Amino acid sequence: MVSKIVDMVSNASLKKAKTENFVSKFARYYTPIVCLLAIIIIILNLSIFEISHISNFQEYIHDSIYPAMIFLVVSCPCALIISVPLGFFGGIGAASKKGILIKGSNYLENLGDVGMIVFDKTGTLTKGQFIVKEIKTDSVDESTILRLAAHGEAGSIHPIAKSIIEKYGRDNIEFDKIEYLHSPSKKGNKIRFEDEEIAVGNMEYMKELKVKVPNIKSTGLVVYVVVNNQYVGHIILEDEIREESKKTIEDLQRAGIEVAMVSGDNETIAWEVANKLGIKKVYANMSPIDKVKRVRKLKKHITKKIAFVGDGMNDAPVLSCADIGIAMGGLGSDAAIGVADIVLMTDDLSKLVESIGIAKKTKKIVVQNIVFSLVIKLFVLASAAFFPSFTMMWEGVFADVGVSLIAVINSMRASNITNKNVIKLLFKENDK
């Protein structure tokens, strides 16, 4: 993990923002143009001052070549070429101090233009740690239901399976007596245990097995337990909502950013979580492919950028599909972290608000540098071209080196962005 982080940070400079690419292209055409303009200035000055009236060579230099030299010194685009990428690097550095890994300045720039954020539910807005809330049975005792369910889920690495196994105790599972009949899946599992077929899974899995089970209305996840194709009981689990989720959603909405949630769970469970968090757009019963399709549809109706926040391996496709993919770094899968553009290393959703504020503040600093540099340079360039007698070389040096230093100092502010400034900027812009 450490080697991956180092590699991502090292290669962040290779992924340039549009502003950086614009400055590079601008400099490519800008340099030959100003050289040509400097020659034109010399020719114009020679045409204005007749050579016969020039008393000495020094006056010739002053009246023709000297203004062109000032023009060339001023026109050097150092301030733009140095300060723009430096500003983005400062923003990336400020984010990394807060546990936010941004893989390139292009992603930092795009983050400042986010208009909607789509959240995965399990493991992102919630902890992804299910708790056994209730065990129901009519034919056998609760401990037997838990024992059968734990053995049925023994071969699965799904969070639901882990919760049931943890409740029963992994050391109590008799692995040598288990014969797997189906490969473990998200829907459920089927095994042979003690000469009986045990099926454990959700309603969809029960329909595939053509087993009749009661339709349980619950805000939690319902796991059915079936023995020899006969329903014997069910377990209800609940996923805890992260402490910072509600505050994060409120801050994003206050900042003028739309929030949506996608989930593989049924609508009852999805809306239960959404209502607690104040999310108005919810898309339930979504497979990984459905999530990709949904994000693509949303992109067609949103003029700004769309970000997706997820944590699991099944989120990798939609993370790569969104304009900006954001992964939970602490508990997220390697696939999600590898595909994502931004990684929240501490699994703290409040860092999402901070990262957007850093992106907006960084972009503001970069724009300040561009505007300041161009205004000063254009003013001195015009002065050297049209009022050569009033323009001195020190003015040209200030317009080049001086402006560059000021822009660099201004760019350094990006690496010292505080939480207070971030929140203030976000809410102030939306209030306007």
# chains A, B, ... in the order shown; residues from 1 in each chain; ligands from 1
>>> select_by_dssp(residues="range 110-286 of chain A", states="helix (DSSP H, G or I)", output="VMD selection string")
chain A and resid 110 to 111 121 to 125 142 to 152 159 to 168 170 to 172 175 to 177 203 to 209 245 to 254 267 to 277
>>> select_by_dssp(residues="range 31-237 of chain A", states="strand (DSSP E)", output="ChimeraX atom specification")
/A:100-102,114-120,126-137,178-180,188-193,196-201,221-227,230-237
>>> residues_around(residues="Phe175 in chain A", least_positions_apart="5", cutoff="12 Å", atoms="only C-alpha atoms", output="tab-separated table (two decimals) with C-alpha atoms, in the first residue's frame")
chain	number	residue	atom	x	y	z
A	150	ALA	CA	-23.01	-19.53	9.93
A	151	HIS	CA	-22.08	-22.84	8.33
A	152	GLY	CA	-23.96	-21.87	5.16
A	153	GLU	CA	-22.00	-18.60	4.93
A	154	ALA	CA	-18.65	-20.16	5.90
A	155	GLY	CA	-17.24	-19.96	2.36
A	170	ARG	CA	-15.64	-18.70	13.53
A	180	TYR	CA	-20.11	-26.56	-1.03
A	191	ILE	CA	-24.00	-26.32	1.16
A	192	ARG	CA	-24.39	-29.87	2.38
A	193	PHE	CA	-23.96	-30.13	6.13
A	194	GLU	CA	-24.61	-33.17	8.30
>>> closest_residue(among="A:Ala414, A:Lys304, A:Glu197, A:Ala149", to="Asn369 in chain A", atoms="only C-alpha atoms")
A:Ala414
>>> closest_residue(among="A:Leu44, A:Leu37, A:Met412, A:Ala359", to="Phe71 in chain A", atoms="only C-alpha atoms")
A:Leu37
>>> residues_around(residues="range 282-291 of chain A", least_positions_apart="4", cutoff="9 Å", atoms="only C-alpha atoms", output="mmCIF file with C-alpha atoms, in the first residue's frame")
data_model
loop_
_atom_site.group_PDB
_atom_site.id
_atom_site.type_symbol
_atom_site.label_atom_id
_atom_site.label_comp_id
_atom_site.auth_asym_id
_atom_site.auth_seq_id
_atom_site.Cartn_x
_atom_site.Cartn_y
_atom_site.Cartn_z
ATOM 1 C CA ALA A 260 -27.678 10.861 -4.775
ATOM 2 C CA MET A 261 -27.321 7.316 -3.470
ATOM 3 C CA VAL A 262 -27.121 3.973 -5.265
ATOM 4 C CA SER A 263 -27.448 0.633 -3.521
ATOM 5 C CA GLY A 264 -27.727 -3.040 -4.275
ATOM 6 C CA ASP A 265 -30.222 -3.350 -1.409
ATOM 7 C CA ASN A 266 -33.989 -3.205 -1.852
ATOM 8 C CA GLU A 267 -35.895 0.078 -1.822
ATOM 9 C CA THR A 268 -37.109 -0.287 1.762
ATOM 10 C CA ILE A 269 -33.572 -0.520 3.139
ATOM 11 C CA ALA A 270 -32.146 2.084 0.762
ATOM 12 C CA TRP A 271 -34.822 4.673 1.552
ATOM 13 C CA ALA A 274 -31.539 7.920 2.700
ATOM 14 C CA VAL A 295 -24.118 7.400 -13.616
ATOM 15 C CA ARG A 296 -23.914 7.655 -17.411
ATOM 16 C CA ASN A 314 -17.823 -4.001 -7.345
ATOM 17 C CA ASP A 315 -17.554 -0.179 -7.328
ATOM 18 C CA ALA A 316 -14.460 -0.197 -9.551
ATOM 19 C CA PRO A 317 -16.425 -0.016 -12.872
ATOM 20 C CA VAL A 318 -18.539 2.970 -11.804
#
>>> residues_around(residues="range 83-99 of chain A", least_positions_apart="2", cutoff="8 Å", atoms="only C-alpha atoms", output="PyMOL selection string")
chain A and resi 13+19-20+79-81+101-102+104-105+108+344-346+351+355+358-359+362-363+365-366+369-370+404+407-408+411-417
>>> write_last_selection(atoms="N, CA and C atoms", output="tab-separated table (two decimals), in the first residue's frame")
chain	number	residue	atom	x	y	z
A	13	SER	N	2.22	14.47	-11.20
A	13	SER	CA	2.61	15.57	-12.10
A	13	SER	C	2.39	15.23	-13.57
A	19	THR	N	-5.95	23.69	-17.22
A	19	THR	CA	-5.31	25.00	-17.11
A	19	THR	C	-3.82	24.90	-17.41
A	20	GLU	N	-3.17	23.84	-16.89
A	20	GLU	CA	-1.74	23.64	-17.16
A	20	GLU	C	-1.50	23.38	-18.64
A	79	ALA	N	6.01	33.55	-15.22
A	79	ALA	CA	5.03	33.58	-14.13
A	79	ALA	C	3.93	32.55	-14.33
A	80	LEU	N	3.49	32.42	-15.58
A	80	LEU	CA	2.42	31.46	-15.88
A	80	LEU	C	2.92	30.03	-15.81
A	81	ILE	N	4.06	29.78	-16.44
A	81	ILE	CA	4.58	28.41	-16.55
A	81	ILE	C	4.98	27.87	-15.18
A	101	LEU	N	-5.65	11.63	-0.85
A	101	LEU	CA	-4.68	11.37	-1.91
A	101	LEU	C	-5.30	11.71	-3.26
A	102	ILE	N	-4.79	12.73	-3.92
A	102	ILE	CA	-5.27	13.15	-5.24
A	102	ILE	C	-4.19	12.79	-6.25
A	104	GLY	N	-3.64	13.48	-9.41
A	104	GLY	CA	-3.20	14.37	-10.48
A	104	GLY	C	-3.89	15.71	-10.38
A	105	SER	N	-3.25	16.75	-10.91
A	105	SER	CA	-3.83	18.09	-10.83
A	105	SER	C	-5.11	18.22	-11.67
A	108	LEU	N	-7.86	17.36	-9.36
A	108	LEU	CA	-8.06	18.45	-8.40
A	108	LEU	C	-8.87	19.57	-9.04
A	344	LEU	N	-9.69	8.70	-0.08
A	344	LEU	CA	-9.80	9.20	1.28
A	344	LEU	C	-9.14	8.17	2.20
A	345	MET	N	-7.90	8.40	2.54
A	345	MET	CA	-7.09	7.40	3.22
A	345	MET	C	-7.59	7.05	4.62
A	346	THR	N	-8.30	7.97	5.27
A	346	THR	CA	-8.75	7.73	6.65
A	346	THR	C	-10.19	7.24	6.72
A	351	LYS	N	-13.81	14.40	4.98
A	351	LYS	CA	-12.67	14.81	4.16
A	351	LYS	C	-13.11	15.15	2.74
A	355	SER	N	-11.86	18.29	0.67
A	355	SER	CA	-11.18	18.15	-0.63
A	355	SER	C	-11.80	19.06	-1.68
A	358	ILE	N	-10.63	22.56	-0.91
A	358	ILE	CA	-9.22	22.72	-1.33
A	358	ILE	C	-9.14	22.91	-2.84
A	359	ALA	N	-9.94	22.13	-3.58
A	359	ALA	CA	-9.94	22.24	-5.04
A	359	ALA	C	-10.40	23.63	-5.48
A	362	THR	N	-7.72	26.23	-4.49
A	362	THR	CA	-6.54	26.11	-5.36
A	362	THR	C	-6.81	26.73	-6.72
A	363	LYS	N	-7.97	26.43	-7.28
A	363	LYS	CA	-8.32	26.99	-8.59
A	363	LYS	C	-8.40	28.52	-8.53
A	365	ILE	N	-6.68	30.46	-6.55
A	365	ILE	CA	-5.29	30.96	-6.49
A	365	ILE	C	-4.64	30.92	-7.87
A	366	VAL	N	-4.87	29.84	-8.61
A	366	VAL	CA	-4.30	29.71	-9.95
A	366	VAL	C	-4.85	30.79	-10.88
A	369	ASN	N	-3.22	34.11	-10.16
A	369	ASN	CA	-1.88	34.19	-10.75
A	369	ASN	C	-1.95	34.51	-12.23
A	370	ILE	N	-2.85	33.85	-12.95
A	370	ILE	CA	-2.98	34.06	-14.40
A	370	ILE	C	-3.40	35.50	-14.70
A	404	SER	N	6.80	36.90	-11.39
A	404	SER	CA	6.98	35.45	-11.18
A	404	SER	C	7.11	35.13	-9.69
A	407	ALA	N	3.80	35.59	-7.95
A	407	ALA	CA	2.90	34.48	-8.29
A	407	ALA	C	3.29	33.20	-7.55
A	408	VAL	N	4.60	32.96	-7.42
A	408	VAL	CA	5.07	31.77	-6.70
A	408	VAL	C	4.69	31.86	-5.22
A	411	SER	N	1.13	31.16	-4.89
A	411	SER	CA	0.86	29.73	-5.09
A	411	SER	C	1.12	28.93	-3.81
A	412	MET	N	2.09	29.39	-3.03
A	412	MET	CA	2.42	28.68	-1.78
A	412	MET	C	1.26	28.70	-0.80
A	413	ARG	N	0.33	29.64	-0.97
A	413	ARG	CA	-0.84	29.68	-0.09
A	413	ARG	C	-1.68	28.42	-0.24
A	414	ALA	N	-1.61	27.79	-1.41
A	414	ALA	CA	-2.42	26.59	-1.66
A	414	ALA	C	-2.01	25.44	-0.75
A	415	SER	N	-0.75	25.40	-0.33
A	415	SER	CA	-0.29	24.29	0.52
A	415	SER	C	-0.62	24.51	1.99
A	416	ASN	N	-1.19	25.67	2.32
A	416	ASN	CA	-1.52	25.97	3.72
A	416	ASN	C	-2.99	26.31	3.89
A	417	ILE	N	-3.84	25.63	3.12
A	417	ILE	CA	-5.28	25.86	3.21
A	417	ILE	C	-5.81	25.22	4.47
>>> residues_around(residues="Phe308 in chain A", least_positions_apart="4", cutoff="7 Å", atoms="only C-alpha atoms", output="VMD selection string")
chain A and resid 117 to 119 319 322 324 to 326
>>> write_last_selection(atoms="N, CA, C and O atoms", output="PDB file, in the first residue's frame")
ATOM      1  N   ILE A 117     -22.692  14.516  -6.461  1.00  0.00           N
ATOM      2  CA  ILE A 117     -21.914  13.398  -5.922  1.00  0.00           C
ATOM      3  C   ILE A 117     -22.854  12.227  -5.684  1.00  0.00           C
ATOM      4  O   ILE A 117     -23.884  12.366  -5.010  1.00  0.00           O
ATOM      5  N   VAL A 118     -22.508  11.084  -6.253  1.00  0.00           N
ATOM      6  CA  VAL A 118     -23.298   9.866  -6.094  1.00  0.00           C
ATOM      7  C   VAL A 118     -22.552   8.952  -5.115  1.00  0.00           C
ATOM      8  O   VAL A 118     -21.383   8.642  -5.325  1.00  0.00           O
ATOM      9  N   PHE A 119     -23.255   8.537  -4.067  1.00  0.00           N
ATOM     10  CA  PHE A 119     -22.648   7.698  -3.038  1.00  0.00           C
ATOM     11  C   PHE A 119     -23.125   6.246  -3.173  1.00  0.00           C
ATOM     12  O   PHE A 119     -24.307   5.995  -3.424  1.00  0.00           O
ATOM     13  N   LEU A 319     -16.558   3.716 -10.574  1.00  0.00           N
ATOM     14  CA  LEU A 319     -15.537   4.705 -10.205  1.00  0.00           C
ATOM     15  C   LEU A 319     -14.781   5.197 -11.435  1.00  0.00           C
ATOM     16  O   LEU A 319     -14.450   6.385 -11.548  1.00  0.00           O
ATOM     17  N   ALA A 322     -17.327   7.517 -13.725  1.00  0.00           N
ATOM     18  CA  ALA A 322     -17.641   8.875 -13.286  1.00  0.00           C
ATOM     19  C   ALA A 322     -16.541   9.852 -13.698  1.00  0.00           C
ATOM     20  O   ALA A 322     -15.415   9.463 -13.984  1.00  0.00           O
ATOM     21  N   ILE A 324     -15.146  11.900 -11.755  1.00  0.00           N
ATOM     22  CA  ILE A 324     -14.167  11.788 -10.674  1.00  0.00           C
ATOM     23  C   ILE A 324     -14.560  10.601  -9.805  1.00  0.00           C
ATOM     24  O   ILE A 324     -15.671  10.555  -9.276  1.00  0.00           O
ATOM     25  N   GLY A 325     -13.668   9.636  -9.663  1.00  0.00           N
ATOM     26  CA  GLY A 325     -13.901   8.491  -8.799  1.00  0.00           C
ATOM     27  C   GLY A 325     -13.208   8.684  -7.476  1.00  0.00           C
ATOM     28  O   GLY A 325     -12.012   8.965  -7.427  1.00  0.00           O
ATOM     29  N   ILE A 326     -13.964   8.547  -6.377  1.00  0.00           N
ATOM     30  CA  ILE A 326     -13.412   8.758  -5.038  1.00  0.00           C
ATOM     31  C   ILE A 326     -13.603   7.474  -4.237  1.00  0.00           C
ATOM     32  O   ILE A 326     -14.723   6.977  -4.104  1.00  0.00           O
TER      33      ILE A 326
END
>>> atom_distance(atom1="CA of Asp400 in chain A", atom2="CA of Ile33 in chain A")
17.1 Å
